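Heads up: the structure comes next, in structure tokens.
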Protein chains: 4
Amino acid sequence: MEKTIVKLPVRGYHLDGYNHVNNARYLEFLEEARWQHFDNISKDAYKTLKWAFVIVNININYKYPATFGDVLRIETTIDKIGGKSMTFQQEVFLNETETPVCDAKVTFVILDTATGKPLTIEGDLLQLLQKEISI
Amino acid sequence: MEKTIVKLPVRGYHLDGYNHVNNARYLEFLEEARWQHFDNISKDAYKTLKWAFVIVNININYKYPATFGDVLRIETTIDKIGGKSMTFQQEVFLNETETPVCDAKVTFVILDTATGKPLTIEGDLLQLLQKEISI
Amino acid sequence: MEKTIVKLPVRGYHLDGYNHVNNARYLEFLEEARWQHFDNISKDAYKTLKWAFVIVNININYKYPATFGDVLRIETTIDKIGGKSMTFQQEVFLNETETPVCDAKVTFVILDTATGKPLTIEGDLLQLLQKEISI
Amino acid sequence: MEKTIVKLPVRGYHLDGYNHVNNARYLEFLEEARWQHFDNISKDAYKTLKWAFVIVNININYKYPATFGDVLRIETTIDKIGGKSMTFQQEVFLNETETPVCDAKVTFVILDTATGKPLTIEGDLLQLLQKEISI
């Protein structure tokens with residue numbers, strides 16, 4: 001499976017009272033990396049898609065207190081796709097090193113926006129999520 | 001005109017790398033105070049209103065670096081309503097003192113959601129914004 | 001163990017492109033609730049404490065898409081304290097109902113700020129975290 | 001004076017209940033652009049500098065409701081430097097067009113961290129802010 005690598009510099013506004021990146025901000029960084037991962041879905045497609053990507057679980061480990069001037073290297077892969085859910089594996093490393101800053105498993109369901117029900121991930125939807133097709 | 005007073009404690013996640021409340025976070029605090037100001041507009045009304053409240057200008061002065069443990073006292077009044085815009089005056093003070101933390105003028109237009117055009121503020125709309133009626 | 005209940009109204013700025021509260025924003029809501037839980041630690045104590053409360057894991061389930069006008073009821077308890085870590089159980093409900101919006105386990109270590117090493121949670125530190133003493 | 005151009009794609013987590021970029025989020029975008037503008041100040045220099053860059057005023061006009069999939073082009077220049085303050089001019093355009101999304105004047109003072117007093121902007125400090133020297 002394809003791995004997407006995103007680099008984000010840590011700025012002053014990302015920090016909190018402990019002078020490290022706040023726990024909530026990492027979820028925005030991970031979301032940013034996932035948008036970049038799905039570069040096979042066009043801006044126009046997102047607007048017309050009948051599929052809503054809804055997070056059901058995030059399990060995140062915080063390992064290193066990144067601070068101002070660090071560059072975060074976020075590596076995003078699909079951990080598994082099965083039945084009615086898919087899970088991303090996202091690992092954040094410090095600069096060019098292998099020092100882990102945090103890692104997370106982020107699990108989604110894809111809702112049919114007409115019914116609000118989760119879809120079985122198969123066919124075009126499966127291919128799209130595996131980046132085998134573009135829309 | 002009515003003044004709304006809102007108190008918000010400063011937490012660790014509101015701070016930035018300078019250990020004071022970040023400039024962007026104040027705009028969220030001011031928005032929170034404005035929602036509380038318009039307690040004459042019900043949750044259900046917001047969902048069905050054909051009026052969209054859209055900010056066109058914010059002019060904010062930062063005067064004191066509030067930090068962890070401070071309580072911000074936000075005083076919101078309507079500065080003026082005229083023609084096609086309205087302006088809030090919002091002043092933020094430190095705890096129970098008269099020490100100013102920041103102050104802002106926040107100017108809105110109200111768009112007709114059907115046409116996307118700004119409405120002249122008169123009649124029911126004027127009364128609503130002046131809190132003379134509830135919906 | 002004591003349970004802390006915090007109520008937070010959902011505003012327009014809490015939502016994202018799906019018109020529901022964004023996944024990252026919930027972590028700020030949970031952080032807010034934890035600050036309120038530890039009302040036995042004074043503002044001054046936080047500033048002089050030699051203990052830093054550092055999150056090592058968050059495992060959060062998203063169950064219901066809260067949106068504008070909902071009020072979130074956040075119930076915070078300590079799930080367990082043992083060895084060198086403590087875990088909060090935080091449950092978010094919709095308005096006055098038992099409808100779960102999300103729930104999370106949030107695990108901390110307490111670092112000695114002089115050494116950067118995690119402390120064994122015992123003695124005064126244990127009593128403080130169990131809210132048996134105030135500082 | 002040098003102009004810095006930064007491009008930022010609008011993601012789902014940047015939007016609010018009106019489905020456009022929230023007013024507060026723009027201040028984070030502008031802050032991001034200013035960090036990139038001062039690429040003549042190294043990460044290490046920021047950590048040892050005896051100068052703190054503190055915002056005293058932001059005057060921002062919101063002109064166009066950017067939404068998901070738009071790319072914001074932020075152009076940052078120094079508007080003026082004089083006496084004890086400096087002002088940035090920041091203009092945000094839609095994609096590759098000249099459609100203005102917002103513009104802002106952001107005024108700073110530079111505090112001497114030892115005294116907490118604003119410095120007169122001259123000599124090395126002036127040259128640094130004009131990007132004539134690097135540190």
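Each chain in the structure tokens gets a letter, A, B, ..., in the order shown, and its residues are numbered from 1; ligands are numbered from 1 in order too.
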Residues of chain D that approach chain A to 10 Å or less, counting only C-alpha atoms: could you list each one with the shortest pair of atoms and its distance in Å to one decimal, rows by chain and increasing residue number, as a Markdown table?
```
| residue | atom | partner | partner_atom | distance |
| --- | --- | --- | --- | --- |
| D:Pro9 | CA | A:Glu32 | CA | 9.6 |
| D:Val10 | CA | A:Glu32 | CA | 9.7 |
| D:Arg11 | CA | A:Glu32 | CA | 7.3 |
| D:Gly12 | CA | A:Glu31 | CA | 8.9 |
| D:Tyr13 | CA | A:Glu28 | CA | 7.3 |
| D:His14 | CA | A:Glu28 | CA | 9.4 |
| D:Glu28 | CA | A:Tyr13 | CA | 7.3 |
| D:Glu31 | CA | A:Tyr13 | CA | 7.9 |
| D:Glu32 | CA | A:Arg11 | CA | 7.3 |
| D:Trp35 | CA | A:Arg11 | CA | 7.5 |
| D:Gln36 | CA | A:Arg11 | CA | 9.9 |
| D:Ser42 | CA | A:Gly69 | CA | 8.6 |
| D:Lys43 | CA | A:Gly69 | CA | 5.2 |
| D:Asp44 | CA | A:Gly69 | CA | 8.0 |
| D:Tyr46 | CA | A:Gly69 | CA | 8.6 |
| D:Lys47 | CA | A:Phe68 | CA | 8.5 |
| D:Phe68 | CA | A:Lys43 | CA | 7.7 |
| D:Gly69 | CA | A:Lys43 | CA | 5.2 |
| D:Asp70 | CA | A:Lys43 | CA | 8.3 |
```
Can I get the selection written as a PDB file, in the first residue's frame, with C-alpha atoms?
```pdb
ATOM      1  CA  PRO D   9      -5.251  24.423   0.823  1.00  0.00           C
ATOM      2  CA  VAL D  10      -8.529  24.716   2.726  1.00  0.00           C
ATOM      3  CA  ARG D  11      -9.486  21.441   4.436  1.00  0.00           C
ATOM      4  CA  GLY D  12     -12.654  20.281   6.149  1.00  0.00           C
ATOM      5  CA  TYR D  13     -11.291  21.105   9.617  1.00  0.00           C
ATOM      6  CA  HIS D  14     -10.788  24.776   8.668  1.00  0.00           C
ATOM      7  CA  GLU D  28      -3.574  31.145  12.175  1.00  0.00           C
ATOM      8  CA  GLU D  31       0.627  33.686  11.473  1.00  0.00           C
ATOM      9  CA  GLU D  32       1.853  30.715   9.435  1.00  0.00           C
ATOM     10  CA  TRP D  35       6.742  32.596  10.180  1.00  0.00           C
ATOM     11  CA  GLN D  36       7.579  31.706   6.590  1.00  0.00           C
ATOM     12  CA  SER D  42      16.857  30.550  12.323  1.00  0.00           C
ATOM     13  CA  LYS D  43      15.114  28.166  14.667  1.00  0.00           C
ATOM     14  CA  ASP D  44      18.069  28.410  17.036  1.00  0.00           C
ATOM     15  CA  TYR D  46      14.361  32.293  17.946  1.00  0.00           C
ATOM     16  CA  LYS D  47      15.236  30.259  21.015  1.00  0.00           C
ATOM     17  CA  PHE D  68     -13.277  23.294   1.043  1.00  0.00           C
ATOM     18  CA  GLY D  69     -10.899  22.685  -1.811  1.00  0.00           C
ATOM     19  CA  ASP D  70      -9.942  26.304  -2.319  1.00  0.00           C
TER      20      ASP D  70
END
```
> Hey, what's within 12 Å of C:Tyr26 if we count only C-alpha atoms and toss same-chain stuff fewer than 2 positions away? As JSON, numbers by chain, please?
Replying inline: {"A": [23, 24, 25, 27, 28, 58], "C": [8, 10, 14, 15, 16, 20, 21, 22, 23, 24, 28, 29, 30, 31, 32, 33, 58, 60, 61, 62, 65, 66, 72, 73, 74, 90, 91, 92, 101, 102, 103, 104]}
Could you superpose chain B on chain C by least squares over every Cα, matched in sequence order, and send it back as an mmCIF file with C-alpha atoms, in the first residue's frame?
```cif
data_model
loop_
_atom_site.group_PDB
_atom_site.id
_atom_site.type_symbol
_atom_site.label_atom_id
_atom_site.label_comp_id
_atom_site.auth_asym_id
_atom_site.auth_seq_id
_atom_site.Cartn_x
_atom_site.Cartn_y
_atom_site.Cartn_z
ATOM 1 C CA MET B 1 -14.211 8.372 43.003
ATOM 2 C CA GLU B 2 -15.538 11.799 42.266
ATOM 3 C CA LYS B 3 -17.272 12.527 38.967
ATOM 4 C CA THR B 4 -17.056 15.991 37.409
ATOM 5 C CA ILE B 5 -19.826 17.109 35.077
ATOM 6 C CA VAL B 6 -19.205 19.910 32.595
ATOM 7 C CA LYS B 7 -21.692 21.260 30.060
ATOM 8 C CA LEU B 8 -20.490 22.906 26.874
ATOM 9 C CA PRO B 9 -22.761 24.296 24.156
ATOM 10 C CA VAL B 10 -21.714 23.575 20.576
ATOM 11 C CA ARG B 11 -21.146 26.758 18.572
ATOM 12 C CA GLY B 12 -20.611 27.411 14.888
ATOM 13 C CA TYR B 13 -16.827 27.615 15.278
ATOM 14 C CA HIS B 14 -16.683 24.067 16.710
ATOM 15 C CA LEU B 15 -18.012 22.501 13.501
ATOM 16 C CA ASP B 16 -16.167 21.395 10.391
ATOM 17 C CA GLY B 17 -17.020 20.761 6.761
ATOM 18 C CA TYR B 18 -19.361 17.903 7.721
ATOM 19 C CA ASN B 19 -21.320 20.333 9.917
ATOM 20 C CA HIS B 20 -20.530 18.310 13.044
ATOM 21 C CA VAL B 21 -18.001 18.907 15.812
ATOM 22 C CA ASN B 22 -14.518 18.187 14.458
ATOM 23 C CA ASN B 23 -12.597 15.214 15.871
ATOM 24 C CA ALA B 24 -9.745 17.418 17.144
ATOM 25 C CA ARG B 25 -12.093 19.841 18.897
ATOM 26 C CA TYR B 26 -13.357 17.065 21.157
ATOM 27 C CA LEU B 27 -9.870 16.757 22.622
ATOM 28 C CA GLU B 28 -10.050 20.418 23.624
ATOM 29 C CA PHE B 29 -13.457 19.805 25.212
ATOM 30 C CA LEU B 30 -12.040 16.844 27.139
ATOM 31 C CA GLU B 31 -9.036 18.915 28.252
ATOM 32 C CA GLU B 32 -11.386 21.666 29.442
ATOM 33 C CA ALA B 33 -13.312 19.095 31.487
ATOM 34 C CA ARG B 34 -10.120 17.743 33.056
ATOM 35 C CA TRP B 35 -9.028 21.227 34.152
ATOM 36 C CA GLN B 36 -12.400 21.613 35.834
ATOM 37 C CA HIS B 37 -12.049 18.174 37.418
ATOM 38 C CA PHE B 38 -8.859 19.192 39.216
ATOM 39 C CA ASP B 39 -10.346 22.170 40.994
ATOM 40 C CA ASN B 40 -8.401 21.027 44.063
ATOM 41 C CA ILE B 41 -5.198 22.290 42.419
ATOM 42 C CA SER B 42 -5.022 26.072 42.609
ATOM 43 C CA LYS B 43 -3.850 28.350 39.828
ATOM 44 C CA ASP B 44 -0.839 29.290 41.929
ATOM 45 C CA ALA B 45 0.012 25.671 42.631
ATOM 46 C CA TYR B 46 0.048 24.842 38.931
ATOM 47 C CA LYS B 47 2.637 27.571 38.448
ATOM 48 C CA THR B 48 5.018 26.270 41.091
ATOM 49 C CA LEU B 49 4.409 22.516 40.836
ATOM 50 C CA LYS B 50 7.405 20.364 40.038
ATOM 51 C CA TRP B 51 5.039 17.915 38.358
ATOM 52 C CA ALA B 52 4.144 18.055 34.677
ATOM 53 C CA PHE B 53 1.004 16.187 33.596
ATOM 54 C CA VAL B 54 1.823 14.683 30.215
ATOM 55 C CA ILE B 55 -0.603 12.654 28.082
ATOM 56 C CA VAL B 56 0.780 9.373 26.757
ATOM 57 C CA ASN B 57 -2.346 7.876 25.179
ATOM 58 C CA ILE B 58 -5.851 8.858 24.134
ATOM 59 C CA ASN B 59 -8.287 6.234 22.910
ATOM 60 C CA ILE B 60 -11.474 7.967 21.780
ATOM 61 C CA ASN B 61 -14.644 6.560 20.239
ATOM 62 C CA TYR B 62 -16.835 8.913 18.215
ATOM 63 C CA LYS B 63 -20.462 7.778 18.336
ATOM 64 C CA TYR B 64 -22.789 10.612 17.442
ATOM 65 C CA PRO B 65 -22.302 13.702 15.234
ATOM 66 C CA ALA B 66 -23.038 16.580 17.615
ATOM 67 C CA THR B 67 -23.868 19.809 15.832
ATOM 68 C CA PHE B 68 -24.802 23.448 16.353
ATOM 69 C CA GLY B 69 -27.037 24.092 19.313
ATOM 70 C CA ASP B 70 -26.399 20.778 21.022
ATOM 71 C CA VAL B 71 -25.138 20.930 24.583
ATOM 72 C CA LEU B 72 -22.453 18.399 25.435
ATOM 73 C CA ARG B 73 -22.443 16.924 28.932
ATOM 74 C CA ILE B 74 -18.968 15.687 29.768
ATOM 75 C CA GLU B 75 -18.569 13.299 32.675
ATOM 76 C CA THR B 76 -15.019 12.831 33.914
ATOM 77 C CA THR B 77 -13.856 10.213 36.376
ATOM 78 C CA ILE B 78 -10.546 8.607 37.170
ATOM 79 C CA ASP B 79 -10.508 5.139 35.627
ATOM 80 C CA LYS B 80 -7.382 3.931 37.370
ATOM 81 C CA ILE B 81 -4.184 5.063 39.005
ATOM 82 C CA GLY B 82 -1.344 2.623 39.132
ATOM 83 C CA GLY B 83 2.399 2.575 39.135
ATOM 84 C CA LYS B 84 3.576 5.463 36.989
ATOM 85 C CA SER B 85 0.390 6.353 35.126
ATOM 86 C CA MET B 86 -3.203 7.393 35.625
ATOM 87 C CA THR B 87 -6.149 7.090 33.273
ATOM 88 C CA PHE B 88 -9.272 9.234 33.007
ATOM 89 C CA GLN B 89 -12.558 7.911 31.746
ATOM 90 C CA GLN B 90 -14.437 10.693 29.943
ATOM 91 C CA GLU B 91 -17.910 10.252 28.523
ATOM 92 C CA VAL B 92 -19.743 12.847 26.477
ATOM 93 C CA PHE B 93 -23.530 12.751 26.297
ATOM 94 C CA LEU B 94 -26.053 14.698 24.251
ATOM 95 C CA ASN B 95 -27.927 17.358 26.220
ATOM 96 C CA GLU B 96 -29.877 15.818 29.101
ATOM 97 C CA THR B 97 -30.089 12.396 27.479
ATOM 98 C CA GLU B 98 -28.075 9.214 27.828
ATOM 99 C CA THR B 99 -27.182 9.317 24.119
ATOM 100 C CA PRO B 100 -23.413 8.873 23.975
ATOM 101 C CA VAL B 101 -21.584 11.349 21.708
ATOM 102 C CA CYS B 102 -18.103 10.066 22.406
ATOM 103 C CA ASP B 103 -16.066 8.430 25.121
ATOM 104 C CA ALA B 104 -12.362 8.382 25.784
ATOM 105 C CA LYS B 105 -9.703 6.952 27.992
ATOM 106 C CA VAL B 106 -6.923 9.492 28.500
ATOM 107 C CA THR B 107 -3.705 8.242 30.102
ATOM 108 C CA PHE B 108 -1.142 10.478 31.760
ATOM 109 C CA VAL B 109 2.249 10.202 33.340
ATOM 110 C CA ILE B 110 3.435 12.776 35.811
ATOM 111 C CA LEU B 111 6.955 13.913 35.105
ATOM 112 C CA ASP B 112 9.350 15.291 37.656
ATOM 113 C CA THR B 113 10.225 18.578 35.958
ATOM 114 C CA ALA B 114 13.732 18.495 37.393
ATOM 115 C CA THR B 115 14.628 15.097 35.930
ATOM 116 C CA GLY B 116 12.062 14.647 33.174
ATOM 117 C CA LYS B 117 11.363 11.168 34.548
ATOM 118 C CA PRO B 118 7.903 9.772 35.355
ATOM 119 C CA LEU B 119 7.057 9.657 39.038
ATOM 120 C CA THR B 120 5.620 6.712 40.894
ATOM 121 C CA ILE B 121 2.130 7.808 41.873
ATOM 122 C CA GLU B 122 2.048 7.526 45.650
ATOM 123 C CA GLY B 123 1.924 9.687 48.747
ATOM 124 C CA ASP B 124 0.948 13.338 48.259
ATOM 125 C CA LEU B 125 0.800 12.956 44.515
ATOM 126 C CA LEU B 126 -1.655 10.073 44.786
ATOM 127 C CA GLN B 127 -3.794 11.934 47.293
ATOM 128 C CA LEU B 128 -3.812 15.010 45.090
ATOM 129 C CA LEU B 129 -4.906 13.048 42.019
ATOM 130 C CA GLN B 130 -7.627 11.338 44.040
ATOM 131 C CA LYS B 131 -8.766 14.793 45.223
ATOM 132 C CA GLU B 132 -8.230 13.843 48.845
ATOM 133 C CA ILE B 133 -6.035 16.924 49.349
ATOM 134 C CA SER B 134 -5.922 20.413 47.852
ATOM 135 C CA ILE B 135 -2.915 22.581 47.072
#
```
